[in-house]
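Visitor: Quick one: the structure is below, questions incoming.
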Amino acid sequence: MLWAAWRHREEQTIHRGKNKGIRIKTEKHTLRHVARFILIGLYTGTRAAAIAASSPKREEGRAYVDLRAGIYFRLARGKRATNKRQPPAPLPDRLLAHMRRWVDKKIIRTCFVEWNGQPVKSVKNAFARAVQVAGLDLTDGNVTAHVLRHTAATWLMQRGVDPWEAAGFLGMSVKVLIDTYGHHHPNHLRGAADAITRKARPPSVLKAQPADRLRTG
């Protein structure tokens, strides 16, 4: 899906001449902002609204990305924290390199997810189009932007990350992480699986001693 969004080009229909009615691909890459959105979502597990608001600039209402320190301040400046946790988190090196390149090459202006040079509030429609382009639109609507957060959480569990650390990185409670994704962790129920075939130890029994020895210690 990532590559489908990055490579996709707009198609237009020829309206005149001998090729009238034929659809041709233009040089307009209309889904590259979705590709950037996907990368940020996969590598950070951040919620869609915070991704759309992420910016390399400290501005009111924006989620600030400190490209020098490599820290993603996901809670928009001036916004109160809610039960949907958005704690600061370090950026993975690979994503940080992408973000620095987008800024250095002036691929983006204000926000990391822009359409025609302007920030977007939502990528819902564009994301749905990317799903269609990638041939994933036959899954009963299950491929939504929130799948990126699910994927990030699943990857962290599959790679054996400590649940407390993974939950902090994702901005969710440890309970929610374990209840929803804990079964992906390599240590999930491992203690029980190892113990079930372990030879039981005989119970420890205090040997009876003469009464006089017990009294004298």
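Residues in the structure tokens are numbered from 1 in each chain, the chains being A, B, ... in the order shown, and ligands are numbered from 1 in the order shown.
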Could you name the residues that touch segment 84-89 of chain A at 10 Å or less, counting only C-alpha atoms, but leaving out those on the same chain fewer than 6 positions away, as a list in words?
Guide: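 The residues that qualify are Thr44, Thr46, Arg47, Ala50, Ala63, Tyr64, Val65, Gly70, Ile71, Tyr72, Phe73, Arg74, Leu75, Ala76, Gly168, Phe169, Leu170, Gly171, Met172 and Ser173 of chain A.
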Visitor: Please provide as a list in words all residues within 9 Å of segment 106-111 of chain A, with the sequence filter that same-chain residues fewer than 5 positions apart are discarded (counting only C-alpha atoms).
Guide: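 That gives Ala52, Ala53, Ser54, Ser55, Pro56, Lys57, Arg62, Arg101, Gly117, Gln118, Pro119 and Val120 of chain A.
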Visitor: Where does segment 177-199 of chain A meet segment 163-166 of chain A within 9 Å, residue by residue, with the nearest atom pair and distance in Å to one decimal for each, counting only C-alpha atoms, listed by chain and rising number, as a Markdown table?
Guide:
```
| residue | atom | partner | partner_atom | distance |
| --- | --- | --- | --- | --- |
| A:Leu177 | CA | A:Pro163 | CA | 7.2 |
| A:Ile178 | CA | A:Pro163 | CA | 7.2 |
| A:Gly182 | CA | A:Pro163 | CA | 8.1 |
| A:His185 | CA | A:Pro163 | CA | 8.9 |
```
Visitor: Between atom CA of Gly78 of chain A and atom CA of Val103 of chain A, what is the spacing in Å?
Guide: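 Distance reported for this atom pair: 23.8 Å.
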Visitor: If we count only C-alpha atoms, what is near segment 153-156 of chain A at a cut-off of 7 Å, once residues fewer than 6 positions away on the same chain are taken out, given as a VMD selection string?
Guide: chain A and resid 45 166 181 184
Visitor: How about saving the chosen residues, all heavy atoms kept, as a short mmCIF file (atom, residue, chain, number, x, y, z; two decimals), in the first residue's frame?
Guide:
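The result, written out as selection.cif:
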```
data_model
loop_
_atom_site.label_atom_id
_atom_site.label_comp_id
_atom_site.auth_asym_id
_atom_site.auth_seq_id
_atom_site.Cartn_x
_atom_site.Cartn_y
_atom_site.Cartn_z
N GLY A 45 2.95 4.64 15.55
CA GLY A 45 1.68 4.23 16.13
C GLY A 45 0.82 5.41 16.56
O GLY A 45 -0.09 5.26 17.38
N ALA A 166 6.58 -0.20 25.57
CA ALA A 166 5.79 -0.14 24.34
C ALA A 166 4.53 0.69 24.54
O ALA A 166 4.16 1.49 23.67
CB ALA A 166 5.42 -1.56 23.90
N TYR A 181 -3.01 -6.79 22.44
CA TYR A 181 -1.88 -7.23 21.62
C TYR A 181 -0.92 -8.18 22.33
O TYR A 181 0.02 -8.68 21.71
CB TYR A 181 -1.08 -6.01 21.14
CG TYR A 181 -1.92 -4.94 20.49
CD1 TYR A 181 -2.31 -3.81 21.22
CD2 TYR A 181 -2.33 -5.05 19.17
CE1 TYR A 181 -3.09 -2.83 20.63
CE2 TYR A 181 -3.10 -4.06 18.57
CZ TYR A 181 -3.48 -2.95 19.31
OH TYR A 181 -4.26 -1.97 18.74
N HIS A 184 0.71 -11.48 21.01
CA HIS A 184 1.76 -11.47 19.98
C HIS A 184 3.17 -11.51 20.59
O HIS A 184 4.13 -11.77 19.88
CB HIS A 184 1.64 -10.21 19.12
CG HIS A 184 0.40 -10.16 18.28
ND1 HIS A 184 0.18 -11.02 17.23
CD2 HIS A 184 -0.68 -9.33 18.33
CE1 HIS A 184 -0.99 -10.74 16.66
NE2 HIS A 184 -1.52 -9.72 17.31
#
```
Visitor: Using the chain letters and numbers from this document, which residues of segment 22-210 of chain A does DSSP assign to strand (DSSP E), as a VMD selection string?
Guide: chain A and resid 23 to 25 54 to 55 63 to 66 71 to 73 89 to 90 114 to 115 118 to 119
Visitor: I need the chosen residues saved as a PDB file, in the first residue's frame, with N, CA and C atoms.
Guide:
```
ATOM      1  N   ARG A  23      -7.683   7.117 -21.518  1.00  0.00           N
ATOM      2  CA  ARG A  23      -7.173   7.631 -20.247  1.00  0.00           C
ATOM      3  C   ARG A  23      -5.654   7.483 -20.205  1.00  0.00           C
ATOM      4  N   ILE A  24      -4.982   8.554 -19.810  1.00  0.00           N
ATOM      5  CA  ILE A  24      -3.524   8.533 -19.726  1.00  0.00           C
ATOM      6  C   ILE A  24      -3.080   8.971 -18.334  1.00  0.00           C
ATOM      7  N   LYS A  25      -1.923   8.486 -17.929  1.00  0.00           N
ATOM      8  CA  LYS A  25      -1.370   8.883 -16.637  1.00  0.00           C
ATOM      9  C   LYS A  25      -0.618  10.206 -16.785  1.00  0.00           C
ATOM     10  N   SER A  54       1.139  17.136  12.493  1.00  0.00           N
ATOM     11  CA  SER A  54       2.563  17.153  12.826  1.00  0.00           C
ATOM     12  C   SER A  54       3.339  18.096  11.912  1.00  0.00           C
ATOM     13  N   SER A  55       4.249  18.851  12.517  1.00  0.00           N
ATOM     14  CA  SER A  55       4.978  19.884  11.788  1.00  0.00           C
ATOM     15  C   SER A  55       6.401  20.024  12.326  1.00  0.00           C
ATOM     16  N   ALA A  63       1.348  19.552  16.139  1.00  0.00           N
ATOM     17  CA  ALA A  63       2.148  18.586  16.886  1.00  0.00           C
ATOM     18  C   ALA A  63       3.588  18.759  16.420  1.00  0.00           C
ATOM     19  N   TYR A  64       4.449  19.200  17.296  1.00  0.00           N
ATOM     20  CA  TYR A  64       5.804  19.592  16.911  1.00  0.00           C
ATOM     21  C   TYR A  64       6.749  18.398  16.837  1.00  0.00           C
ATOM     22  N   VAL A  65       7.495  18.331  15.735  1.00  0.00           N
ATOM     23  CA  VAL A  65       8.531  17.307  15.566  1.00  0.00           C
ATOM     24  C   VAL A  65       9.881  17.997  15.624  1.00  0.00           C
ATOM     25  N   ASP A  66      10.628  17.714  16.680  1.00  0.00           N
ATOM     26  CA  ASP A  66      11.958  18.297  16.846  1.00  0.00           C
ATOM     27  C   ASP A  66      12.942  17.444  16.049  1.00  0.00           C
ATOM     28  N   ILE A  71      12.636  14.077  18.599  1.00  0.00           N
ATOM     29  CA  ILE A  71      11.508  13.859  19.511  1.00  0.00           C
ATOM     30  C   ILE A  71      10.214  14.318  18.855  1.00  0.00           C
ATOM     31  N   TYR A  72       9.184  13.508  18.975  1.00  0.00           N
ATOM     32  CA  TYR A  72       7.876  13.797  18.408  1.00  0.00           C
ATOM     33  C   TYR A  72       6.945  14.207  19.546  1.00  0.00           C
ATOM     34  N   PHE A  73       6.601  15.496  19.609  1.00  0.00           N
ATOM     35  CA  PHE A  73       5.671  16.013  20.612  1.00  0.00           C
ATOM     36  C   PHE A  73       4.269  15.945  20.008  1.00  0.00           C
ATOM     37  N   ALA A  89       7.566  11.182  22.204  1.00  0.00           N
ATOM     38  CA  ALA A  89       8.259   9.908  21.993  1.00  0.00           C
ATOM     39  C   ALA A  89       9.433  10.122  21.049  1.00  0.00           C
ATOM     40  N   PRO A  90      10.511   9.368  21.240  1.00  0.00           N
ATOM     41  CA  PRO A  90      11.640   9.460  20.315  1.00  0.00           C
ATOM     42  C   PRO A  90      11.247   8.878  18.956  1.00  0.00           C
ATOM     43  N   GLU A 114       0.726  17.089   3.638  1.00  0.00           N
ATOM     44  CA  GLU A 114       0.140  18.237   2.950  1.00  0.00           C
ATOM     45  C   GLU A 114      -0.425  17.807   1.599  1.00  0.00           C
ATOM     46  N   TRP A 115      -1.434  18.536   1.156  1.00  0.00           N
ATOM     47  CA  TRP A 115      -2.018  18.336  -0.168  1.00  0.00           C
ATOM     48  C   TRP A 115      -1.906  19.645  -0.935  1.00  0.00           C
ATOM     49  N   GLN A 118      -0.606  22.482   1.161  1.00  0.00           N
ATOM     50  CA  GLN A 118      -1.412  22.954   2.282  1.00  0.00           C
ATOM     51  C   GLN A 118      -1.665  21.821   3.278  1.00  0.00           C
ATOM     52  N   PRO A 119      -1.638  22.126   4.580  1.00  0.00           N
ATOM     53  CA  PRO A 119      -1.921  21.092   5.585  1.00  0.00           C
ATOM     54  C   PRO A 119      -3.324  20.525   5.410  1.00  0.00           C
TER      55      PRO A 119
END
```
Visitor: Would you pick out the contacts of Tyr43 of chain A at 10 Å or less, using only C-alpha atoms, so that residues sharing its chain but fewer than 2 positions from it are not included, and give the list as a ChimeraX atom specification?
Guide: /A:38-41,45-46,91-96,148-149,151-153,155
Visitor: Counting only C-alpha atoms, what is within 12 Å of segment 129-137 of chain A, bar same-chain residues fewer than 3 positions away, as an NGL selection string?
Guide: :A and (1-10 or 29-35 or 37-38 or 123-126 or 140-145 or 147)
Visitor: Would you return as a ChimeraX atom specification the members of segment 9-155 of chain A that DSSP assigns to helix (DSSP H, G or I) on this structure's backbone?
Guide: /A:32-44,48-52,93-104,124-133,146-155
